[in-house]
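Novice: Sending over final_37.cif (mmCIF, C-alpha atoms and all ligand atoms).
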```cif
data_final
#
loop_
_atom_site.label_atom_id
_atom_site.label_comp_id
_atom_site.auth_asym_id
_atom_site.auth_seq_id
_atom_site.Cartn_x
_atom_site.Cartn_y
_atom_site.Cartn_z
CA MET A 1 -13.84 7.26 -19.07
CA ASP A 2 -10.39 8.66 -18.41
CA THR A 3 -10.13 12.20 -17.15
CA ALA A 4 -7.09 14.23 -18.04
CA GLN A 5 -5.22 14.91 -14.83
CA GLU A 6 -2.12 16.97 -14.36
CA ILE A 7 0.25 14.27 -13.20
CA GLU A 8 3.87 15.03 -12.36
CA MET A 9 6.83 12.88 -11.47
CA VAL A 10 8.11 14.37 -8.22
CA LEU A 11 11.05 11.98 -7.86
CA ASN A 12 12.78 10.08 -10.65
CA ALA A 13 13.75 7.34 -8.21
CA HIS A 14 14.19 4.39 -10.63
CA ALA A 15 12.88 2.22 -7.79
CA GLU A 16 13.01 -1.50 -8.45
CA THR A 17 9.76 -2.08 -6.54
CA GLY A 18 8.49 1.32 -5.38
CA GLU A 19 5.59 0.67 -3.00
CA GLY A 20 3.69 1.43 0.17
CA PRO A 21 3.43 5.26 0.33
CA VAL A 22 2.33 6.64 3.72
CA TRP A 23 1.80 10.32 4.52
CA ASP A 24 3.74 11.17 7.68
CA PHE A 25 1.83 13.99 9.38
CA ARG A 26 4.57 14.24 12.03
CA ASP A 27 7.04 15.93 9.70
CA GLN A 28 4.93 16.43 6.55
CA SER A 29 6.93 13.88 4.58
CA LEU A 30 6.00 10.95 2.41
CA ALA A 31 7.43 7.62 3.55
CA TRP A 32 7.60 4.92 0.88
CA ILE A 33 9.53 1.72 0.31
CA ASP A 34 11.40 -0.27 -2.29
CA VAL A 35 10.30 -3.80 -1.43
CA THR A 36 12.97 -5.85 -3.18
CA GLN A 37 15.83 -3.43 -2.49
CA GLY A 38 14.84 -3.34 1.20
CA LEU A 39 14.86 0.46 1.25
CA ILE A 40 12.79 2.93 3.22
CA HIS A 41 12.49 6.38 1.69
CA ARG A 42 11.45 9.66 3.30
CA PHE A 43 10.53 12.23 0.66
CA ASP A 44 10.22 15.89 1.65
CA PRO A 45 7.82 17.57 -0.80
CA ASP A 46 9.02 21.05 0.18
CA THR A 47 12.68 20.49 -0.70
CA GLY A 48 12.40 17.48 -3.04
CA HIS A 49 15.00 15.73 -0.88
CA ASP A 50 14.64 11.95 -0.51
CA GLU A 51 16.35 10.33 2.47
CA VAL A 52 16.99 6.57 2.28
CA PHE A 53 17.36 3.95 5.04
CA ASN A 54 18.50 0.42 4.26
CA ALA A 55 16.46 -2.14 6.21
CA GLY A 56 18.83 -4.94 5.23
CA GLU A 57 16.02 -7.26 4.12
CA HIS A 58 12.93 -7.18 1.96
CA VAL A 59 10.24 -4.77 3.18
CA GLY A 60 6.59 -5.40 2.33
CA ALA A 61 4.91 -2.50 4.10
CA LEU A 62 5.54 0.49 6.32
CA ALA A 63 3.36 2.18 8.93
CA LEU A 64 4.00 5.10 11.24
CA ARG A 65 4.66 4.05 14.82
CA MET A 66 3.08 6.12 17.57
CA ALA A 67 6.15 5.59 19.79
CA GLY A 68 8.33 7.05 17.01
CA GLY A 69 9.93 5.72 13.87
CA TYR A 70 8.18 3.19 11.70
CA ALA A 71 6.53 -0.20 12.05
CA LEU A 72 7.40 -2.51 9.17
CA ALA A 73 6.34 -5.73 7.56
CA VAL A 74 9.71 -7.27 6.66
CA ARG A 75 10.37 -10.58 4.90
CA GLY A 76 9.84 -12.75 7.93
CA GLY A 77 7.25 -10.83 9.91
CA PHE A 78 6.60 -7.58 11.73
CA ALA A 79 9.35 -5.24 12.94
CA ALA A 80 9.93 -1.78 14.38
CA LEU A 81 12.55 0.61 13.02
CA ASP A 82 14.06 3.34 15.16
CA THR A 83 15.00 5.87 12.49
CA ASP A 84 17.37 7.72 14.83
CA SER A 85 19.51 4.71 15.79
CA GLY A 86 18.81 2.60 12.70
CA VAL A 87 17.96 -0.37 14.94
CA LEU A 88 15.45 -2.83 13.46
CA GLU A 89 13.68 -4.86 16.14
CA VAL A 90 11.66 -7.95 15.19
CA VAL A 91 8.22 -7.90 16.79
CA ALA A 92 6.58 -11.05 15.37
CA ASP A 93 7.90 -13.92 13.21
CA THR A 94 4.96 -14.74 10.95
CA GLU A 95 6.86 -16.11 7.92
CA VAL A 96 10.30 -16.86 9.35
CA ALA A 97 9.73 -20.61 8.99
CA VAL A 98 8.53 -20.20 5.37
CA PRO A 99 11.53 -18.91 3.37
CA SER A 100 9.58 -19.21 0.11
CA ASN A 101 7.23 -16.48 1.41
CA ARG A 102 7.61 -12.83 2.28
CA MET A 103 5.41 -10.26 3.96
CA ASN A 104 3.70 -7.80 1.61
CA ASP A 105 1.30 -4.84 1.74
CA GLY A 106 -0.08 -3.63 5.08
CA LYS A 107 -1.81 -0.75 6.85
CA CYS A 108 -3.02 0.29 10.31
CA ASP A 109 -6.65 0.52 11.35
CA SER A 110 -8.21 3.31 13.44
CA ALA A 111 -7.46 1.45 16.69
CA GLY A 112 -3.73 1.29 15.91
CA ARG A 113 -3.53 -2.38 14.91
CA PHE A 114 -1.19 -3.20 12.02
CA TRP A 115 -2.62 -5.46 9.30
CA ALA A 116 -0.28 -7.01 6.72
CA GLY A 117 -0.38 -10.02 4.46
CA SER A 118 2.07 -12.37 2.83
CA MET A 119 2.74 -14.00 -0.51
CA ALA A 120 4.96 -16.60 -2.13
CA TYR A 121 8.05 -15.28 -3.92
CA ALA A 122 6.89 -17.40 -6.85
CA GLU A 123 3.83 -15.10 -7.14
CA SER A 124 1.65 -18.15 -7.62
CA GLY A 125 -0.22 -20.67 -5.52
CA ARG A 126 -2.20 -19.86 -2.42
CA GLU A 127 0.48 -19.71 0.25
CA GLY A 128 -0.32 -16.18 1.48
CA SER A 129 -2.12 -15.10 4.64
CA LEU A 130 -3.42 -11.89 6.15
CA TYR A 131 -2.29 -11.12 9.69
CA ARG A 132 -3.32 -8.58 12.30
CA LEU A 133 -0.64 -7.35 14.71
CA GLY A 134 -2.23 -6.21 17.96
CA ARG A 135 -1.07 -3.34 20.13
CA ASP A 136 0.34 -6.01 22.50
CA HIS A 137 2.43 -7.52 19.62
CA SER A 138 0.20 -10.61 19.43
CA VAL A 139 -0.50 -11.84 15.91
CA THR A 140 -3.87 -13.11 14.71
CA THR A 141 -4.18 -14.93 11.39
CA ILE A 142 -7.23 -13.43 9.68
CA LEU A 143 -7.23 -15.01 6.20
CA THR A 144 -5.33 -17.95 4.68
CA ARG A 145 -4.92 -19.45 1.19
CA LEU A 146 -4.31 -16.06 -0.42
CA GLY A 147 -2.31 -15.58 -3.63
CA ILE A 148 -0.71 -12.14 -3.18
CA SER A 149 -2.14 -10.24 -0.22
CA ASN A 150 -2.15 -6.56 -1.19
CA GLY A 151 -4.12 -3.32 -0.77
CA LEU A 152 -6.04 -2.62 2.42
CA GLY A 153 -8.41 0.17 3.39
CA TRP A 154 -11.35 1.11 5.54
CA SER A 155 -14.51 3.10 4.82
CA PRO A 156 -14.72 6.58 6.42
CA ASP A 157 -17.37 5.28 8.88
CA ASP A 158 -15.04 2.38 9.80
CA ARG A 159 -17.72 -0.24 9.15
CA VAL A 160 -16.22 -1.79 5.99
CA MET A 161 -12.72 -3.16 5.36
CA TYR A 162 -11.34 -3.62 1.85
CA HIS A 163 -8.71 -6.15 0.84
CA ILE A 164 -7.08 -7.08 -2.44
CA ASP A 165 -5.73 -10.51 -3.36
CA SER A 166 -3.94 -9.61 -6.59
CA LEU A 167 -4.12 -13.15 -7.96
CA ALA A 168 -7.89 -13.14 -7.42
CA GLY A 169 -8.16 -10.02 -9.64
CA GLY A 170 -10.34 -7.76 -7.56
CA VAL A 171 -11.28 -6.02 -4.34
CA ASP A 172 -13.21 -7.77 -1.56
CA ALA A 173 -15.24 -5.97 1.09
CA TYR A 174 -15.92 -7.17 4.63
CA ASP A 175 -18.00 -5.92 7.51
CA PHE A 176 -15.52 -4.48 10.01
CA ASN A 177 -15.85 -4.16 13.77
CA PRO A 178 -13.45 -1.38 14.85
CA GLU A 179 -13.76 -2.32 18.54
CA THR A 180 -12.70 -5.96 18.14
CA GLY A 181 -10.86 -5.76 14.80
CA GLN A 182 -12.92 -8.65 13.45
CA ILE A 183 -14.07 -8.95 9.85
CA ALA A 184 -17.06 -10.86 8.46
CA LYS A 185 -19.26 -11.39 5.38
CA ARG A 186 -16.72 -11.41 2.56
CA ARG A 187 -18.14 -10.21 -0.76
CA ARG A 188 -16.58 -9.26 -4.10
CA LEU A 189 -16.83 -5.49 -4.65
CA VAL A 190 -14.71 -4.87 -7.77
CA ASP A 191 -13.55 -7.19 -10.54
CA VAL A 192 -10.60 -6.13 -12.71
CA ALA A 193 -10.24 -7.83 -16.10
CA ARG A 194 -6.71 -9.25 -16.53
CA ASP A 195 -6.20 -7.18 -19.70
CA ASP A 196 -6.75 -4.02 -17.67
CA GLY A 197 -3.99 -4.84 -15.16
CA ILE A 198 -3.53 -6.50 -11.77
CA PRO A 199 -5.05 -4.78 -8.72
CA ASP A 200 -2.24 -3.96 -6.30
CA GLY A 201 -2.25 -1.28 -3.56
CA MET A 202 -5.15 0.99 -2.69
CA THR A 203 -6.37 3.89 -0.58
CA VAL A 204 -9.78 5.23 0.41
CA ASP A 205 -10.72 8.92 0.09
CA ALA A 206 -12.94 11.10 2.29
CA ASP A 207 -15.93 10.39 0.01
CA GLY A 208 -15.49 6.68 0.69
CA CYS A 209 -14.30 5.99 -2.86
CA LEU A 210 -11.51 3.46 -3.49
CA TRP A 211 -8.35 4.31 -5.46
CA VAL A 212 -6.79 1.11 -6.79
CA ALA A 213 -3.34 0.95 -8.42
CA LEU A 214 -3.23 -1.35 -11.44
CA TRP A 215 0.11 -3.14 -11.87
CA ASP A 216 0.77 -3.63 -15.59
CA GLY A 217 -2.26 -1.41 -16.16
CA GLY A 218 -0.58 2.01 -16.18
CA CYS A 219 -3.24 3.71 -14.09
CA VAL A 220 -5.00 4.26 -10.80
CA ARG A 221 -8.74 3.68 -10.89
CA ARG A 222 -11.33 5.27 -8.63
CA TYR A 223 -14.35 3.17 -7.67
CA ARG A 224 -17.43 4.28 -5.77
CA PRO A 225 -18.29 2.55 -2.46
CA ASN A 226 -20.81 0.38 -4.37
CA GLY A 227 -17.98 -0.87 -6.61
CA THR A 228 -18.86 1.00 -9.81
CA PHE A 229 -16.05 2.58 -11.84
CA GLU A 230 -15.75 6.35 -11.54
CA ARG A 231 -12.52 7.41 -13.29
CA ALA A 232 -8.96 6.46 -14.13
CA ILE A 233 -5.78 8.47 -13.81
CA ARG A 234 -3.25 7.42 -16.46
CA LEU A 235 0.48 7.30 -15.79
CA PRO A 236 3.34 7.22 -18.31
CA VAL A 237 4.52 3.91 -16.83
CA ARG A 238 2.90 0.47 -16.67
CA GLN A 239 3.83 -0.97 -13.27
CA VAL A 240 1.73 1.17 -10.92
CA SER A 241 1.91 -0.31 -7.44
CA CYS A 242 0.22 1.78 -4.76
CA CYS A 243 -1.15 5.21 -3.84
CA THR A 244 -2.05 7.39 -0.88
CA PHE A 245 -3.20 10.92 -0.18
CA GLY A 246 -0.83 13.38 1.43
CA GLY A 247 0.10 17.02 1.68
CA PRO A 248 -1.08 19.62 4.24
CA ASP A 249 -4.70 19.30 3.02
CA LEU A 250 -4.46 15.57 2.14
CA GLY A 251 -5.34 16.61 -1.40
CA ASP A 252 -2.21 15.31 -3.14
CA LEU A 253 -2.46 11.77 -4.47
CA TYR A 254 1.00 10.15 -4.37
CA ILE A 255 1.54 7.12 -6.60
CA THR A 256 4.46 4.66 -6.49
CA THR A 257 5.70 2.67 -9.49
CA ALA A 258 8.27 -0.03 -10.24
CA ALA A 259 11.02 -0.70 -12.76
CA ARG A 260 11.47 -4.35 -11.76
CA GLY A 261 11.66 -6.84 -14.62
CA LEU A 262 11.50 -4.26 -17.41
CA SER A 263 13.67 -4.75 -20.47
CA ALA A 264 16.01 -2.07 -21.84
CA LEU A 265 13.40 -1.39 -24.52
CA ASP A 266 10.62 -1.09 -21.90
CA LEU A 267 12.78 1.38 -19.98
CA GLN A 268 13.31 3.44 -23.13
CA LYS A 269 9.56 3.66 -23.57
CA GLN A 270 8.94 4.26 -19.85
CA PRO A 271 11.87 6.34 -18.58
CA GLY A 272 9.88 7.23 -15.46
CA ALA A 273 9.43 3.62 -14.36
CA GLY A 274 10.15 3.41 -10.64
CA GLY A 275 9.41 7.10 -10.16
CA LEU A 276 7.20 8.72 -7.55
CA PHE A 277 4.23 10.55 -9.08
CA ARG A 278 1.68 13.06 -7.76
CA CYS A 279 -1.55 14.70 -8.84
CA ARG A 280 -4.42 16.64 -7.28
CA PRO A 281 -7.64 14.87 -8.26
CA GLY A 282 -9.94 17.32 -6.44
CA VAL A 283 -10.82 15.10 -3.50
CA SER A 284 -8.96 14.52 -0.25
CA GLY A 285 -7.81 11.48 1.62
CA LEU A 286 -8.25 10.15 5.14
CA ALA A 287 -5.78 10.67 7.96
CA THR A 288 -2.98 8.11 8.40
CA HIS A 289 -3.43 5.77 11.37
CA PRO A 290 -0.15 4.90 13.16
CA TYR A 291 0.66 1.58 14.84
CA ASP A 292 0.04 1.88 18.58
CA GLY A 293 2.28 -0.89 19.83
CA CA B 301 1.74 -4.29 -3.51
#
```
Starting from the file, give its structure as structure tokens.
Specialist:
Amino acid sequence: MDTAQEIEMVLNAHAETGEGPVWDFRDQSLAWIDVTQGLIHRFDPDTGHDEVFNAGEHVGALALRMAGGYALAVRGGFAALDTDSGVLEVVADTEVAVPSNRMNDGKCDSAGRFWAGSMAYAESGREGSLYRLGRDHSVTTILTRLGISNGLGWSPDDRVMYHIDSLAGGVDAYDFNPETGQIAKRRRLVDVARDDGIPDGMTVDADGCLWVALWDGGCVRRYRPNGTFERAIRLPVRQVSCCTFGGPDLGDLYITTAARGLSALDLQKQPGAGGLFRCRPGVSGLATHPYDG
């Protein structure tokens, strides 16, 4: 079942690898990244203005930093970006010794820890890991032998963590302990058939439902907490990478997309590829957790 949603392109950004949207409650902007261009964007929904910072290397994920600026997962590990000075400070070198890998999707938990995973540039094999950056900048390896570590999220009661390995074609759920940051009891929650797309980034709404972006699937799907399909929101582009709720009432669903690898003919058919999209699906999201380190 697909429901007709009013979906608009709010920024025709032509991003190579638009990704990682985060609602910034500090200035009511939407931060998002272009992974392969190494760009950090700050989109102001009121004016439509999009400010761009160049990180100078590939960026896998962005989080708000409580001390100001952003925390990033960059190619080689975790970093902090002071947006006033433009200084990028490396915090932890998780993949520096593995040049065939880069850091990928990440998100902060309610206790202000920053979780992010890695992947091989080859987008094959099982070279990826999932890391947890503590408030004290210590890194804990949580999962290994991942294909492409991607979407993360937590249930509204903070007792379940969700994680996507795109090459494994689905969403896994874990018991989560918010005090210790430990996960346990991995189980498969959602399977996505390859013909329907590749599960990429995700967010959780206030009802506890999961919104999963389908790369090469042209949509975002909503799943109930028990894993059953609820609805899909179709986009006019195929490479849908990630989504998050934003806006003053957290009722706007922002969706990033990518133009990477598309042929001239593909781009004719999908002129909005790499654009930033938005709709109001009638539910609201959860507050953004910043990194507290
Ligand atoms: Ca991703």
Novice: Within 9 Å of ligand CA 301 (chain B), counting only C-alpha atoms and all ligand atoms: which residues, as an MDAnalysis selection string?
Specialist: chainID A and resid 17:20 35 60:61 104:106 148:151 166 199:202 213 215 241:242
Novice: Provide the CA of Val10 (chain A) to CA of Gly86 (chain A) distance in Å, to one decimal place.
Specialist: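 Interatomic distance, CA of Val10 (chain A) to CA of Gly86 (chain A): 26.3 Å.
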Novice: Residues within 9 Å of region 137-140 of chain A, please, as a PyMOL selection string. Count only C-alpha atoms; anything in the same chain fewer than 5 positions from it doesn't count.
Specialist: chain A and resi 78+91-92+94+130-132+293
Novice: List as a ChimeraX atom specification the residues having at least one atom at most 9 Å from position (11.5, 2.2, -2.5) as given in the file, counting only C-alpha atoms.
Specialist: /A:13-20,32-41,52,256,258,274
Novice: If we count all atoms listed in the file, what is near Phe176 (chain A) at a cut-off of 8 Å, once residues fewer than 6 positions away on the same chain are taken out, given as a PDB file with C-alpha atoms, in the coordinates of the input?
Specialist:
```pdb
ATOM      1  CA  ASP A 158     -15.040   2.380   9.800  1.00  0.00           C
ATOM      2  CA  ARG A 159     -17.720  -0.240   9.150  1.00  0.00           C
ATOM      3  CA  VAL A 160     -16.220  -1.790   5.990  1.00  0.00           C
ATOM      4  CA  MET A 161     -12.720  -3.160   5.360  1.00  0.00           C
ATOM      5  CA  GLN A 182     -12.920  -8.650  13.450  1.00  0.00           C
ATOM      6  CA  ILE A 183     -14.070  -8.950   9.850  1.00  0.00           C
ATOM      7  CA  ALA A 184     -17.060 -10.860   8.460  1.00  0.00           C
TER       8      ALA A 184
END
```
Novice: If we count only C-alpha atoms and set the cut-off at 12 Å, which residues sit around Leu267 (chain A), ignoring sequence neighbours fewer than 2 positions away in its own chain? Please answer as a list in words.
Specialist: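 Near Leu267 (chain A), the qualifying residues are His14, Glu16, Pro236, Val237, Arg238, Gln239, Ala258, Ala259, Arg260, Gly261, Leu262, Ser263, Ala264, Leu265, Lys269, Gln270, Pro271, Gly272, Ala273, Gly274 and Gly275 of chain A.
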Novice: Quick one, how far is CA of Phe53 (chain A) from CA of Pro21 (chain A)?
Specialist: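 Between CA of Phe53 (chain A) and CA of Pro21 (chain A) the gap works out to 14.8 Å.
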Novice: Show me, as lines of an AutoDock Vina configuration file, the centre and edge lengths in Å to one decimal of the axis-aligned box that covers every listed atom of region 170-181 of chain A with 4 Å on each side.
Specialist:
```
center_x = -14.2
center_y = -4.6
center_z = 5.5
size_x = 15.7
size_y = 14.4
size_z = 34.1
```
Novice: Which residues, written as a count of residues only, have at least one atom at most 10 Å from His289 (chain A), with all atoms listed in the file counted and residues fewer than 4 positions away on the same chain left out?
Specialist: 16
Novice: Work out how far apart CA of Thr180 (chain A) and CA of Ala79 (chain A) are and give it in Å to one decimal.
Specialist: 22.7 Å
Novice: Rank A:Val212, A:Ala206, A:Gly69, A:Leu133 by their smallest atom-to-atom distance to Gly282 (chain A), using all atoms listed in the file, and report the top residue only.
Specialist: A:Ala206
Novice: Would you list the contacts of His49 (chain A) as a ChimeraX atom specification, taking every protein, DNA or RNA residue within 12 Å and counting all atoms listed in the file, but skipping same-chain residues closer than 2 positions in sequence?
Specialist: /A:10-13,29-31,41-47,51-52
Novice: Could you check the closest approach to Thr203 (chain A) for each of A:Ala55, A:Cys243, A:Ile164, A:Asp82 and tell me which residue wins, using only C-alpha atoms?
Specialist: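 Going through A:Ala55, A:Cys243, A:Ile164, A:Asp82 one by one, the smallest distance to Thr203 (chain A) is for A:Cys243.
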Novice: Of the candidates A:Glu57, A:Asp207, A:Glu95, A:Asp136, which shows the shortest atom-to-atom distance to Trp154 (chain A), using all atoms listed in the file?
Specialist: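 Distance minimum relative to Trp154 (chain A) lands on A:Asp207.
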Novice: Quick one: of A:Val283, A:Ala80, A:Leu167, A:Cys219, who's nearest to Met119 (chain A), counting all atoms listed in the file?
Specialist: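 Using all atoms listed in the file, the shortest distance to Met119 (chain A) belongs to A:Leu167.
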Novice: Could I see region 156-177 of chain A restored to N, CA, C and O atoms, set down as a PDB file, in the frame of the given file?
Specialist:
```pdb
ATOM      1  N   PRO A 156     -14.810   5.457   5.480  1.00  0.00           N
ATOM      2  CA  PRO A 156     -14.720   6.580   6.420  1.00  0.00           C
ATOM      3  C   PRO A 156     -15.504   6.330   7.717  1.00  0.00           C
ATOM      4  O   PRO A 156     -15.109   6.812   8.776  1.00  0.00           O
ATOM      5  N   ASP A 157     -16.596   5.556   7.662  1.00  0.00           N
ATOM      6  CA  ASP A 157     -17.370   5.280   8.880  1.00  0.00           C
ATOM      7  C   ASP A 157     -16.814   4.061   9.641  1.00  0.00           C
ATOM      8  O   ASP A 157     -17.376   3.672  10.678  1.00  0.00           O
ATOM      9  N   ASP A 158     -15.740   3.472   9.116  1.00  0.00           N
ATOM     10  CA  ASP A 158     -15.040   2.380   9.800  1.00  0.00           C
ATOM     11  C   ASP A 158     -15.859   1.099   9.892  1.00  0.00           C
ATOM     12  O   ASP A 158     -15.553   0.235  10.717  1.00  0.00           O
ATOM     13  N   ARG A 159     -16.866   0.944   9.066  1.00  0.00           N
ATOM     14  CA  ARG A 159     -17.720  -0.240   9.150  1.00  0.00           C
ATOM     15  C   ARG A 159     -17.403  -1.267   8.064  1.00  0.00           C
ATOM     16  O   ARG A 159     -17.943  -2.389   8.083  1.00  0.00           O
ATOM     17  N   VAL A 160     -16.562  -0.883   7.083  1.00  0.00           N
ATOM     18  CA  VAL A 160     -16.220  -1.790   5.990  1.00  0.00           C
ATOM     19  C   VAL A 160     -14.702  -1.824   5.833  1.00  0.00           C
ATOM     20  O   VAL A 160     -14.048  -0.777   5.890  1.00  0.00           O
ATOM     21  N   MET A 161     -14.142  -3.019   5.695  1.00  0.00           N
ATOM     22  CA  MET A 161     -12.720  -3.160   5.360  1.00  0.00           C
ATOM     23  C   MET A 161     -12.593  -3.701   3.949  1.00  0.00           C
ATOM     24  O   MET A 161     -13.383  -4.552   3.535  1.00  0.00           O
ATOM     25  N   TYR A 162     -11.609  -3.169   3.213  1.00  0.00           N
ATOM     26  CA  TYR A 162     -11.340  -3.620   1.850  1.00  0.00           C
ATOM     27  C   TYR A 162     -10.012  -4.360   1.815  1.00  0.00           C
ATOM     28  O   TYR A 162      -9.075  -4.005   2.528  1.00  0.00           O
ATOM     29  N   HIS A 163      -9.951  -5.383   0.979  1.00  0.00           N
ATOM     30  CA  HIS A 163      -8.710  -6.150   0.840  1.00  0.00           C
ATOM     31  C   HIS A 163      -8.590  -6.657  -0.587  1.00  0.00           C
ATOM     32  O   HIS A 163      -9.575  -7.073  -1.197  1.00  0.00           O
ATOM     33  N   ILE A 164      -7.357  -6.616  -1.084  1.00  0.00           N
ATOM     34  CA  ILE A 164      -7.080  -7.080  -2.440  1.00  0.00           C
ATOM     35  C   ILE A 164      -6.195  -8.315  -2.389  1.00  0.00           C
ATOM     36  O   ILE A 164      -5.137  -8.299  -1.756  1.00  0.00           O
ATOM     37  N   ASP A 165      -6.624  -9.391  -3.036  1.00  0.00           N
ATOM     38  CA  ASP A 165      -5.730 -10.510  -3.360  1.00  0.00           C
ATOM     39  C   ASP A 165      -5.457 -10.356  -4.850  1.00  0.00           C
ATOM     40  O   ASP A 165      -6.349 -10.593  -5.677  1.00  0.00           O
ATOM     41  N   SER A 166      -4.230  -9.947  -5.191  1.00  0.00           N
ATOM     42  CA  SER A 166      -3.940  -9.610  -6.590  1.00  0.00           C
ATOM     43  C   SER A 166      -4.204 -10.786  -7.530  1.00  0.00           C
ATOM     44  O   SER A 166      -4.665 -10.594  -8.659  1.00  0.00           O
ATOM     45  N   LEU A 167      -3.910 -12.001  -7.075  1.00  0.00           N
ATOM     46  CA  LEU A 167      -4.120 -13.150  -7.960  1.00  0.00           C
ATOM     47  C   LEU A 167      -5.600 -13.475  -8.145  1.00  0.00           C
ATOM     48  O   LEU A 167      -5.971 -14.181  -9.071  1.00  0.00           O
ATOM     49  N   ALA A 168      -6.448 -12.935  -7.268  1.00  0.00           N
ATOM     50  CA  ALA A 168      -7.890 -13.140  -7.420  1.00  0.00           C
ATOM     51  C   ALA A 168      -8.519 -12.013  -8.257  1.00  0.00           C
ATOM     52  O   ALA A 168      -9.723 -12.037  -8.524  1.00  0.00           O
ATOM     53  N   GLY A 169      -7.713 -11.014  -8.655  1.00  0.00           N
ATOM     54  CA  GLY A 169      -8.160 -10.020  -9.640  1.00  0.00           C
ATOM     55  C   GLY A 169      -9.268  -9.097  -9.203  1.00  0.00           C
ATOM     56  O   GLY A 169     -10.118  -8.728 -10.030  1.00  0.00           O
ATOM     57  N   GLY A 170      -9.283  -8.693  -7.937  1.00  0.00           N
ATOM     58  CA  GLY A 170     -10.340  -7.760  -7.560  1.00  0.00           C
ATOM     59  C   GLY A 170     -10.214  -7.307  -6.117  1.00  0.00           C
ATOM     60  O   GLY A 170      -9.240  -7.609  -5.425  1.00  0.00           O
ATOM     61  N   VAL A 171     -11.224  -6.543  -5.701  1.00  0.00           N
ATOM     62  CA  VAL A 171     -11.280  -6.020  -4.340  1.00  0.00           C
ATOM     63  C   VAL A 171     -12.431  -6.689  -3.607  1.00  0.00           C
ATOM     64  O   VAL A 171     -13.555  -6.729  -4.121  1.00  0.00           O
ATOM     65  N   ASP A 172     -12.153  -7.214  -2.412  1.00  0.00           N
ATOM     66  CA  ASP A 172     -13.210  -7.770  -1.560  1.00  0.00           C
ATOM     67  C   ASP A 172     -13.545  -6.772  -0.460  1.00  0.00           C
ATOM     68  O   ASP A 172     -12.679  -6.023  -0.003  1.00  0.00           O
ATOM     69  N   ALA A 173     -14.798  -6.794  -0.043  1.00  0.00           N
ATOM     70  CA  ALA A 173     -15.240  -5.970   1.090  1.00  0.00           C
ATOM     71  C   ALA A 173     -15.696  -6.890   2.203  1.00  0.00           C
ATOM     72  O   ALA A 173     -16.177  -8.008   1.952  1.00  0.00           O
ATOM     73  N   TYR A 174     -15.505  -6.427   3.440  1.00  0.00           N
ATOM     74  CA  TYR A 174     -15.920  -7.170   4.630  1.00  0.00           C
ATOM     75  C   TYR A 174     -16.591  -6.206   5.591  1.00  0.00           C
ATOM     76  O   TYR A 174     -16.190  -5.039   5.679  1.00  0.00           O
ATOM     77  N   ASP A 175     -17.539  -6.698   6.361  1.00  0.00           N
ATOM     78  CA  ASP A 175     -18.000  -5.920   7.510  1.00  0.00           C
ATOM     79  C   ASP A 175     -16.833  -5.843   8.483  1.00  0.00           C
ATOM     80  O   ASP A 175     -16.124  -6.829   8.683  1.00  0.00           O
ATOM     81  N   PHE A 176     -16.644  -4.669   9.093  1.00  0.00           N
ATOM     82  CA  PHE A 176     -15.520  -4.480  10.010  1.00  0.00           C
ATOM     83  C   PHE A 176     -16.043  -4.001  11.357  1.00  0.00           C
ATOM     84  O   PHE A 176     -16.905  -3.117  11.422  1.00  0.00           O
ATOM     85  N   ASN A 177     -15.519  -4.599  12.413  1.00  0.00           N
ATOM     86  CA  ASN A 177     -15.850  -4.160  13.770  1.00  0.00           C
ATOM     87  C   ASN A 177     -14.631  -3.439  14.348  1.00  0.00           C
ATOM     88  O   ASN A 177     -13.643  -4.093  14.698  1.00  0.00           O
TER      89      ASN A 177
END
```
